[in-house]
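See below for model25.cif, which holds mmCIF, C-alpha atoms.
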data_input
#
loop_
_atom_site.label_atom_id
_atom_site.label_comp_id
_atom_site.auth_asym_id
_atom_site.auth_seq_id
_atom_site.Cartn_x
_atom_site.Cartn_y
_atom_site.Cartn_z
CA MET H 1 -71.57 -28.77 16.03
CA LYS H 2 -68.10 -29.95 15.10
CA LYS H 3 -68.93 -33.35 16.55
CA ILE H 4 -72.06 -33.58 14.39
CA VAL H 5 -70.13 -32.60 11.28
CA CYS H 6 -67.41 -35.14 12.04
CA LEU H 7 -70.00 -37.86 12.66
CA PHE H 8 -71.75 -37.02 9.37
CA SER H 9 -68.41 -37.15 7.54
CA ILE H 10 -67.62 -40.54 9.01
CA LEU H 11 -71.05 -41.87 8.04
CA LEU H 12 -70.69 -40.47 4.53
CA MET H 13 -67.27 -42.09 4.15
CA SER H 14 -68.73 -45.40 5.32
CA VAL H 15 -71.55 -45.22 2.76
CA CYS H 16 -69.09 -44.38 -0.02
CA THR H 17 -66.84 -47.24 1.02
CA VAL H 18 -69.70 -49.75 0.89
CA SER H 19 -70.91 -48.52 -2.52
CA PHE H 20 -67.50 -49.16 -4.07
CA VAL H 21 -67.05 -52.70 -2.79
CA SER H 22 -66.82 -54.95 -5.87
CA ALA H 23 -68.16 -58.48 -6.20
CA ALA H 24 -65.79 -61.40 -6.00
CA ASN H 25 -63.77 -62.24 -9.09
CA LEU H 26 -63.85 -65.58 -10.83
CA GLN H 27 -61.83 -68.30 -9.14
CA SER H 28 -59.82 -70.94 -10.99
CA ASP H 29 -60.21 -74.60 -10.06
CA GLU H 30 -57.95 -77.54 -10.98
CA PHE H 31 -60.46 -80.01 -9.45
CA ASN H 32 -57.85 -81.64 -7.25
CA GLY H 33 -60.28 -82.67 -4.51
CA SER H 34 -62.07 -85.97 -4.10
CA GLY H 35 -65.62 -87.19 -3.77
CA GLN H 36 -68.22 -84.41 -3.73
CA ASP H 37 -66.09 -81.86 -1.88
CA VAL H 38 -66.12 -79.09 -4.51
CA SER H 39 -64.66 -75.67 -3.80
CA SER H 40 -66.95 -73.32 -1.86
CA PHE H 41 -67.20 -70.75 -4.68
CA TRP H 42 -69.21 -73.09 -6.95
CA ASN H 43 -73.00 -72.99 -7.10
CA ILE H 44 -74.43 -76.28 -8.39
CA GLN H 45 -77.65 -76.36 -10.40
CA ASN H 46 -79.47 -79.71 -10.70
CA GLY H 47 -76.66 -81.50 -8.94
CA ASP H 48 -79.11 -84.22 -7.90
CA LYS H 49 -80.00 -85.03 -11.53
CA SER H 50 -76.52 -86.24 -12.48
CA ASN H 51 -73.97 -88.46 -10.79
CA TRP H 52 -70.73 -86.52 -10.30
CA GLU H 53 -67.51 -86.61 -8.32
CA LEU H 54 -64.00 -85.20 -8.13
CA LYS H 55 -61.65 -87.98 -9.20
CA ASP H 56 -58.04 -88.15 -10.41
CA GLY H 57 -57.80 -84.37 -10.75
CA MET H 58 -61.03 -84.03 -12.72
CA LEU H 59 -64.66 -83.12 -12.20
CA VAL H 60 -66.43 -86.17 -13.65
CA ILE H 61 -70.14 -85.89 -14.47
CA GLU H 62 -72.33 -88.76 -15.58
CA ALA H 63 -75.05 -86.57 -17.04
CA GLY H 64 -78.72 -87.09 -16.33
CA PHE H 65 -81.59 -87.05 -18.83
CA ASN H 66 -83.89 -84.19 -19.90
CA GLN H 67 -81.03 -81.73 -19.47
CA ASN H 68 -80.57 -79.39 -22.42
CA VAL H 69 -79.26 -75.84 -22.93
CA TRP H 70 -81.36 -74.38 -25.73
CA ALA H 71 -84.96 -73.31 -25.08
CA ASN H 72 -84.17 -73.55 -21.35
CA ASP H 73 -81.11 -74.25 -19.24
CA ASP H 74 -81.94 -77.53 -17.52
CA SER H 75 -78.34 -78.74 -17.30
CA THR H 76 -76.25 -79.79 -14.34
CA ARG H 77 -74.31 -76.55 -14.09
CA TYR H 78 -71.37 -75.43 -11.92
CA SER H 79 -71.23 -71.63 -11.84
CA GLN H 80 -69.74 -68.69 -9.99
CA THR H 81 -71.85 -65.56 -9.51
CA VAL H 82 -69.75 -62.51 -10.34
CA ASP H 83 -69.95 -58.88 -11.35
CA GLN H 84 -67.00 -58.41 -13.73
CA ASP H 85 -66.97 -56.27 -16.87
CA GLU H 86 -64.05 -58.27 -18.24
CA PHE H 87 -62.93 -61.86 -17.92
CA ASP H 88 -61.27 -64.52 -20.06
CA ILE H 89 -62.09 -68.10 -19.06
CA GLU H 90 -61.17 -71.50 -20.42
CA THR H 91 -61.78 -75.16 -19.69
CA SER H 92 -60.47 -78.47 -20.96
CA LEU H 93 -62.78 -81.48 -21.07
CA ILE H 94 -63.26 -84.99 -22.40
CA ALA H 95 -66.81 -85.81 -23.47
CA ASP H 96 -67.49 -89.54 -23.75
CA TYR H 97 -70.91 -89.87 -25.37
CA ALA H 98 -73.00 -92.18 -27.54
CA ASP H 99 -76.40 -92.74 -29.11
CA GLY H 100 -78.17 -89.55 -28.10
CA SER H 101 -78.27 -85.76 -27.92
CA ILE H 102 -75.86 -84.36 -25.33
CA VAL H 103 -74.58 -80.89 -24.40
CA THR H 104 -71.57 -79.60 -22.48
CA GLY H 105 -69.41 -76.48 -22.46
CA LEU H 106 -68.93 -72.95 -21.10
CA ILE H 107 -71.80 -70.60 -20.25
CA VAL H 108 -72.37 -67.01 -19.10
CA TYR H 109 -75.94 -66.82 -17.75
CA SER H 110 -77.96 -63.76 -16.71
CA ALA H 111 -81.17 -64.38 -14.79
CA GLY H 112 -82.05 -60.66 -14.97
CA THR H 113 -81.97 -60.34 -18.77
CA LYS H 114 -84.88 -61.08 -21.09
CA ASP H 115 -84.04 -63.11 -24.16
CA SER H 116 -84.95 -62.40 -27.80
CA GLN H 117 -88.43 -63.85 -27.17
CA GLY H 118 -89.08 -61.82 -24.02
CA ARG H 119 -88.46 -64.65 -21.56
CA ASP H 120 -86.59 -64.16 -18.29
CA GLY H 121 -83.04 -65.51 -18.51
CA GLU H 122 -80.48 -65.07 -21.29
CA TRP H 123 -77.00 -66.44 -21.90
CA VAL H 124 -73.99 -66.88 -24.14
CA THR H 125 -72.70 -70.44 -24.44
CA LEU H 126 -69.91 -72.22 -26.28
CA LYS H 127 -71.37 -75.72 -26.60
CA LEU H 128 -70.30 -79.15 -27.72
CA TRP H 129 -73.48 -80.76 -29.05
CA GLY H 130 -73.20 -84.50 -29.47
CA ARG H 131 -75.97 -85.72 -31.76
CA GLY H 132 -77.80 -89.02 -31.93
CA ALA H 133 -78.47 -91.60 -34.63
CA ALA H 134 -80.98 -89.41 -36.51
CA GLN H 135 -78.12 -86.98 -37.23
CA GLY H 136 -75.30 -89.44 -37.74
CA ASN H 137 -74.04 -90.00 -34.17
CA ASN H 138 -71.54 -87.15 -34.46
CA ALA H 139 -70.78 -83.91 -32.67
CA VAL H 140 -70.63 -80.24 -33.63
CA LEU H 141 -69.42 -77.10 -31.88
CA GLN H 142 -71.92 -74.26 -31.46
CA TYR H 143 -71.88 -70.67 -30.19
CA GLN H 144 -75.33 -69.55 -29.06
CA ARG H 145 -77.59 -67.41 -27.00
CA ARG H 146 -80.95 -68.73 -25.76
CA GLN H 147 -82.71 -70.58 -28.60
CA ASN H 148 -80.82 -68.49 -31.14
CA ASP H 149 -77.59 -69.00 -33.10
CA SER H 150 -78.06 -66.37 -35.80
CA GLY H 151 -74.95 -66.08 -37.93
CA ALA H 152 -75.88 -62.48 -38.72
CA LEU H 153 -75.27 -61.68 -35.05
CA GLY H 154 -71.95 -63.52 -34.90
CA TYR H 155 -73.21 -66.79 -33.44
CA VAL H 156 -72.35 -70.16 -34.93
CA GLY H 157 -74.80 -73.01 -35.49
CA THR H 158 -72.09 -75.39 -36.68
CA GLN H 159 -68.37 -74.66 -36.50
CA PRO H 160 -66.77 -75.45 -39.90
CA ASP H 161 -64.40 -78.42 -40.20
CA TYR H 162 -65.36 -79.91 -36.84
CA ASN H 163 -67.60 -82.98 -36.95
CA PRO H 164 -66.11 -85.86 -34.93
CA ALA H 165 -67.86 -89.21 -34.56
CA GLN H 166 -69.38 -90.12 -31.20
CA GLY H 167 -67.04 -91.56 -28.63
CA MET H 168 -64.39 -89.93 -26.50
CA LEU H 169 -63.93 -86.30 -27.56
CA PRO H 170 -61.27 -84.09 -25.93
CA VAL H 171 -61.71 -80.35 -26.52
CA GLU H 172 -60.61 -77.06 -24.97
CA MET H 173 -62.91 -74.04 -24.91
CA ARG H 174 -62.33 -70.36 -24.23
CA LEU H 175 -64.78 -67.48 -23.75
CA LYS H 176 -63.81 -63.84 -23.25
CA ARG H 177 -65.94 -60.91 -22.07
CA GLU H 178 -65.15 -57.23 -22.65
CA GLY H 179 -68.21 -55.25 -21.61
CA ASN H 180 -71.09 -56.43 -23.81
CA VAL H 181 -68.79 -58.17 -26.29
CA TYR H 182 -68.21 -61.93 -25.99
CA GLU H 183 -65.62 -63.77 -28.07
CA SER H 184 -64.90 -67.50 -28.21
CA TRP H 185 -62.26 -69.98 -29.36
CA PHE H 186 -61.68 -73.74 -29.16
CA LYS H 187 -59.00 -76.37 -29.61
CA PRO H 188 -60.19 -79.60 -31.26
CA ASN H 189 -58.55 -82.64 -29.66
CA ALA H 190 -57.48 -80.28 -26.84
CA GLU H 191 -54.25 -79.35 -28.60
CA GLY H 192 -52.77 -76.85 -31.02
CA ASP H 193 -53.60 -73.17 -31.43
CA TRP H 194 -56.86 -71.52 -30.47
CA ILE H 195 -59.32 -71.50 -33.39
CA PRO H 196 -61.74 -68.53 -33.50
CA VAL H 197 -65.43 -69.36 -33.25
CA GLY H 198 -67.33 -66.08 -33.03
CA LYS H 199 -67.66 -62.58 -31.56
CA VAL H 200 -71.07 -61.31 -30.45
CA THR H 201 -72.68 -58.40 -28.63
CA ASN H 202 -75.09 -59.39 -25.89
CA GLU H 203 -76.23 -56.97 -23.18
CA LEU H 204 -76.38 -59.35 -20.24
CA GLN H 205 -77.35 -57.73 -16.95
CA GLU H 206 -75.21 -58.48 -13.92
CA PRO H 207 -74.76 -60.43 -11.75
CA LEU H 208 -73.64 -63.18 -14.10
CA GLU H 209 -73.47 -66.91 -13.45
CA VAL H 210 -70.30 -68.11 -15.18
CA GLY H 211 -69.24 -71.71 -15.45
CA ILE H 212 -69.50 -75.18 -17.02
CA TYR H 213 -72.32 -77.64 -17.57
CA ALA H 214 -73.39 -81.04 -18.88
CA GLY H 215 -76.59 -82.86 -19.80
CA VAL H 216 -78.31 -85.47 -21.94
CA ALA H 217 -81.12 -83.74 -23.82
CA ASP H 218 -83.00 -87.00 -24.44
CA GLY H 219 -85.56 -88.35 -22.03
CA GLY H 220 -83.81 -91.68 -21.51
CA ALA H 221 -81.55 -94.44 -22.84
CA PRO H 222 -79.71 -95.24 -25.04
CA GLY H 223 -78.23 -91.72 -24.94
CA ARG H 224 -75.36 -91.30 -22.48
CA LEU H 225 -72.67 -88.78 -21.54
CA THR H 226 -69.75 -88.84 -19.15
CA VAL H 227 -67.81 -85.58 -19.24
CA SER H 228 -64.53 -85.04 -17.38
CA PHE H 229 -63.49 -81.44 -16.81
CA ASP H 230 -59.74 -81.09 -16.33
CA TYR H 231 -59.84 -77.49 -15.08
CA PHE H 232 -61.69 -74.17 -15.11
CA ARG H 233 -59.51 -71.07 -15.05
CA GLU H 234 -59.06 -67.55 -16.25
CA ALA H 235 -56.89 -67.60 -19.37
CA SER H 236 -54.43 -65.22 -17.74
CA ALA H 237 -53.91 -67.55 -14.77
CA PRO H 238 -50.70 -69.62 -14.89
CA ALA H 239 -51.06 -73.33 -15.46
CA PRO H 240 -50.00 -75.53 -12.52
CA VAL H 241 -46.46 -76.87 -12.62
CA ASP H 242 -46.78 -80.53 -13.56
CA PRO H 243 -44.16 -82.66 -15.33
CA GLN H 244 -46.93 -84.65 -17.03
CA ASP H 245 -49.76 -83.61 -19.30
CA ARG H 246 -52.61 -84.58 -17.02
CA LEU H 247 -55.28 -84.47 -19.72
CA THR H 248 -53.37 -86.75 -22.08
CA VAL H 249 -52.54 -89.24 -19.35
CA THR H 250 -56.08 -89.34 -18.03
CA TRP H 251 -57.56 -89.67 -21.52
CA GLY H 252 -55.34 -92.70 -22.10
CA GLU H 253 -56.40 -94.17 -18.80
CA LEU H 254 -60.06 -93.63 -19.62
CA LYS H 255 -59.73 -95.31 -23.00
CA ASP H 256 -58.21 -98.39 -21.36
CA ARG H 257 -61.09 -98.88 -18.94
#

Since I need it in another form, could you write the structure as C-alpha cells?
Amino acid sequence: MKKIVCLFSILLMSVCTVSFVSAANLQSDEFNGSGQDVSSFWNIQNGDKSNWELKDGMLVIEAGFNQNVWANDDSTRYSQTVDQDEFDIETSLIADYADGSIVTGLIVYSAGTKDSQGRDGEWVTLKLWGRGAAQGNNAVLQYQRRQNDSGALGYVGTQPDYNPAQGMLPVEMRLKREGNVYESWFKPNAEGDWIPVGKVTNELQEPLEVGIYAGVADGGAPGRLTVSFDYFREASAPAPVDPQDRLTVTWGELKDR
C-alpha cells in the first residue's frame, strides 16, 4: 500500500510539474548572421513572397506585392510564439519606399481571438504606413487593431506631427504589454526621446505571435519597399557594446548606394 501511495505521489508531482512549465520568453536578435540563416526562434510567414537576407547586421526585406496588414495580415512576418503576460519590445528600422502603399512595423497577433467583426484572428500593431501618389507620397504612423483604429479606444489613425515624404525613413518603435493593456511609443528619425502613441485594451488570447513585418499593399509596380531592421529586442535588454552607431552608419551607406 505504501508503494502505491508513493507511486501516486510521484505521478501527481509529475503532473503538477508539467502544468507549471511556462512557454519560452521572447528572444532578442541583433541580426548579425548572413544570408537566410535566421535564428531558430523565428517563424516566417510568407517568406517566399519577399526577397530577404541578413546583411551588414540587418534583416533586409525587399517586400513583395499584395501584402497588407489591415483587413487581413498578408505581410512577410517574422514572429515568435510566446505565452507572456508582460513584455516590452522595440525595433529600429529604415524603410526605403516610393510610389505606393507600404506597411511595416511591430505586431502582436492572436490567431485564437475573434476581431470586432467576428473574424478569426486579431492583433495590435504599431505601423508605418507609406502612402502613394493619391495621398501625397508621404508616410504616417498608425496604431491599430484589425481593420479598426478607433480613437475612442485609444488607437491612432494618424500620429500628429509625423508626415515625412517618401524616401528613406528611419524610425524606432516600441510596444509594451501588461496583461490586456498595450502601450506604444516611437522615435521619428530613430533618435531622441520616446514619443507616446497610444494605450489600448485588447483581450488577445494566447499564444501570441510577436514580431515584425513588411509588405507592399499594392498589386504591383511602381510601389516598392526595402526595409532594413537593425534589431528586435526587449526594451529591458542591454544594447550590444559597439563603439559605432550601427544604424547611423548603415543609413549613410545605404544613401550612398

Check which residues of region 59-150 of chain H sit at most 9 Å from region 186-194 of chain H using all atoms listed in the file, and return one row each with the closest pair of atoms and their distance in Å to one decimal, ordered by chain and rising number, as a Markdown table.
| residue | atom | partner | partner_atom | distance |
| --- | --- | --- | --- | --- |
| H:Ser92 | CA | H:Ala190 | CA | 6.8 |
| H:Leu93 | CA | H:Ala190 | CA | 7.9 |
| H:Ile94 | CA | H:Ala190 | CA | 8.7 |
| H:Leu126 | CA | H:Phe186 | CA | 8.9 |
| H:Leu141 | CA | H:Phe186 | CA | 8.9 |

Minimum-distance residue to Thr104 (chain H), chosen among H:Ser116, H:Gln67, H:Gln84, H:Thr158 (using only C-alpha atoms): H:Gln67

Pairwise distance for CA of Glu86 (chain H) and CA of Tyr182 (chain H), rounded to one decimal in Å: 9.5 Å

Tyr155 (chain H) environment, 10 Å, all atoms listed in the file, sequence neighbours closer than 2 positions dropped, as an NGL selection string: :H and (124-126 or 142-145 or 148-153 or 157-159 or 183-184 or 197-201)

Using only C-alpha atoms: which of H:Ala214, H:Pro164, H:Asn25, H:Asn180 has the shortest distance to Thr81 (chain H):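 When distances to Thr81 (chain H) are compared using only C-alpha atoms, the smallest one comes from H:Asn25.
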
Non-local contacts of Tyr109 (chain H) (12 Å; all atoms listed in the file; under 3 positions in same chain excluded) as a PyMOL selection string: chain H and resi 69+72-73+77-83+106+112-115+120-126+144-146+202-213

Dump C-alpha atoms for the selected residues as an mmCIF file, in the frame of the given file?
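Written file, out-v7.cif:
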data_model
loop_
_atom_site.group_PDB
_atom_site.id
_atom_site.type_symbol
_atom_site.label_atom_id
_atom_site.label_comp_id
_atom_site.auth_asym_id
_atom_site.auth_seq_id
_atom_site.Cartn_x
_atom_site.Cartn_y
_atom_site.Cartn_z
ATOM 1 C CA VAL H 69 -79.260 -75.840 -22.930
ATOM 2 C CA ASN H 72 -84.170 -73.550 -21.350
ATOM 3 C CA ASP H 73 -81.110 -74.250 -19.240
ATOM 4 C CA ARG H 77 -74.310 -76.550 -14.090
ATOM 5 C CA TYR H 78 -71.370 -75.430 -11.920
ATOM 6 C CA SER H 79 -71.230 -71.630 -11.840
ATOM 7 C CA GLN H 80 -69.740 -68.690 -9.990
ATOM 8 C CA THR H 81 -71.850 -65.560 -9.510
ATOM 9 C CA VAL H 82 -69.750 -62.510 -10.340
ATOM 10 C CA ASP H 83 -69.950 -58.880 -11.350
ATOM 11 C CA LEU H 106 -68.930 -72.950 -21.100
ATOM 12 C CA GLY H 112 -82.050 -60.660 -14.970
ATOM 13 C CA THR H 113 -81.970 -60.340 -18.770
ATOM 14 C CA LYS H 114 -84.880 -61.080 -21.090
ATOM 15 C CA ASP H 115 -84.040 -63.110 -24.160
ATOM 16 C CA ASP H 120 -86.590 -64.160 -18.290
ATOM 17 C CA GLY H 121 -83.040 -65.510 -18.510
ATOM 18 C CA GLU H 122 -80.480 -65.070 -21.290
ATOM 19 C CA TRP H 123 -77.000 -66.440 -21.900
ATOM 20 C CA VAL H 124 -73.990 -66.880 -24.140
ATOM 21 C CA THR H 125 -72.700 -70.440 -24.440
ATOM 22 C CA LEU H 126 -69.910 -72.220 -26.280
ATOM 23 C CA GLN H 144 -75.330 -69.550 -29.060
ATOM 24 C CA ARG H 145 -77.590 -67.410 -27.000
ATOM 25 C CA ARG H 146 -80.950 -68.730 -25.760
ATOM 26 C CA ASN H 202 -75.090 -59.390 -25.890
ATOM 27 C CA GLU H 203 -76.230 -56.970 -23.180
ATOM 28 C CA LEU H 204 -76.380 -59.350 -20.240
ATOM 29 C CA GLN H 205 -77.350 -57.730 -16.950
ATOM 30 C CA GLU H 206 -75.210 -58.480 -13.920
ATOM 31 C CA PRO H 207 -74.760 -60.430 -11.750
ATOM 32 C CA LEU H 208 -73.640 -63.180 -14.100
ATOM 33 C CA GLU H 209 -73.470 -66.910 -13.450
ATOM 34 C CA VAL H 210 -70.300 -68.110 -15.180
ATOM 35 C CA GLY H 211 -69.240 -71.710 -15.450
ATOM 36 C CA ILE H 212 -69.500 -75.180 -17.020
ATOM 37 C CA TYR H 213 -72.320 -77.640 -17.570
#

Given only C-alpha atoms as the counted atoms, nearest of H:Lys55, H:Lys49, H:Lys176, H:Lys127 to Gly33 (chain H): H:Lys55

For CA of Gly167 (chain H) and CA of Ala95 (chain H), the interatomic separation in Å (one decimal): 7.7 Å

Test item: residues at most 8 Å from Phe31 (chain H), only C-alpha atoms, excluding those fewer than 6 positions along its chain, as a list in words: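 Returned residues: Val38, Leu54, Gly57, Met58, Leu59, Asp230 and Tyr231 of chain H.
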
Distance in Å - CA of Thr226 (chain H) versus CA of Glu53 (chain H): 11.3 Å

Radius query 9 Å about (-62.1, -72.7, -13.0), atoms used: all atoms listed in the file, as a PyMOL selection string: chain H and resi 26-31+89-91+211-212+231-234

Pick from H:Met168, H:Ala98, H:Val103, H:Val140 nearest to Asn66 (chain H), counting all atoms listed in the file: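 Looking only at the distances to Asn66 (chain H), the closest residue turns out to be H:Val103.
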
Write out as lines of an AutoDock Vina configuration file an axis-aligned box for region 178-187 of chain H: all of its atoms listed in the file, 6 Å added on each side, centre and edge lengths in Å with one decimal.
center_x = -65.0
center_y = -65.8
center_z = -25.6
size_x = 24.1
size_y = 33.1
size_z = 20.0

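With all atoms listed in the file as the atoms that count, the minimum distance from Arg224 (chain H) to the choices H:Asp96, H:Asp161, H:Asp37, H:Asp48 is reached by H:Asp96.
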
Nearest to Tyr97 (chain H), chosen from H:Gly118, H:Pro196, H:Pro170, H:Gly35, with all atoms listed in the file counted in the distances: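 When distances to Tyr97 (chain H) are compared using all atoms listed in the file, the smallest one comes from H:Pro170.
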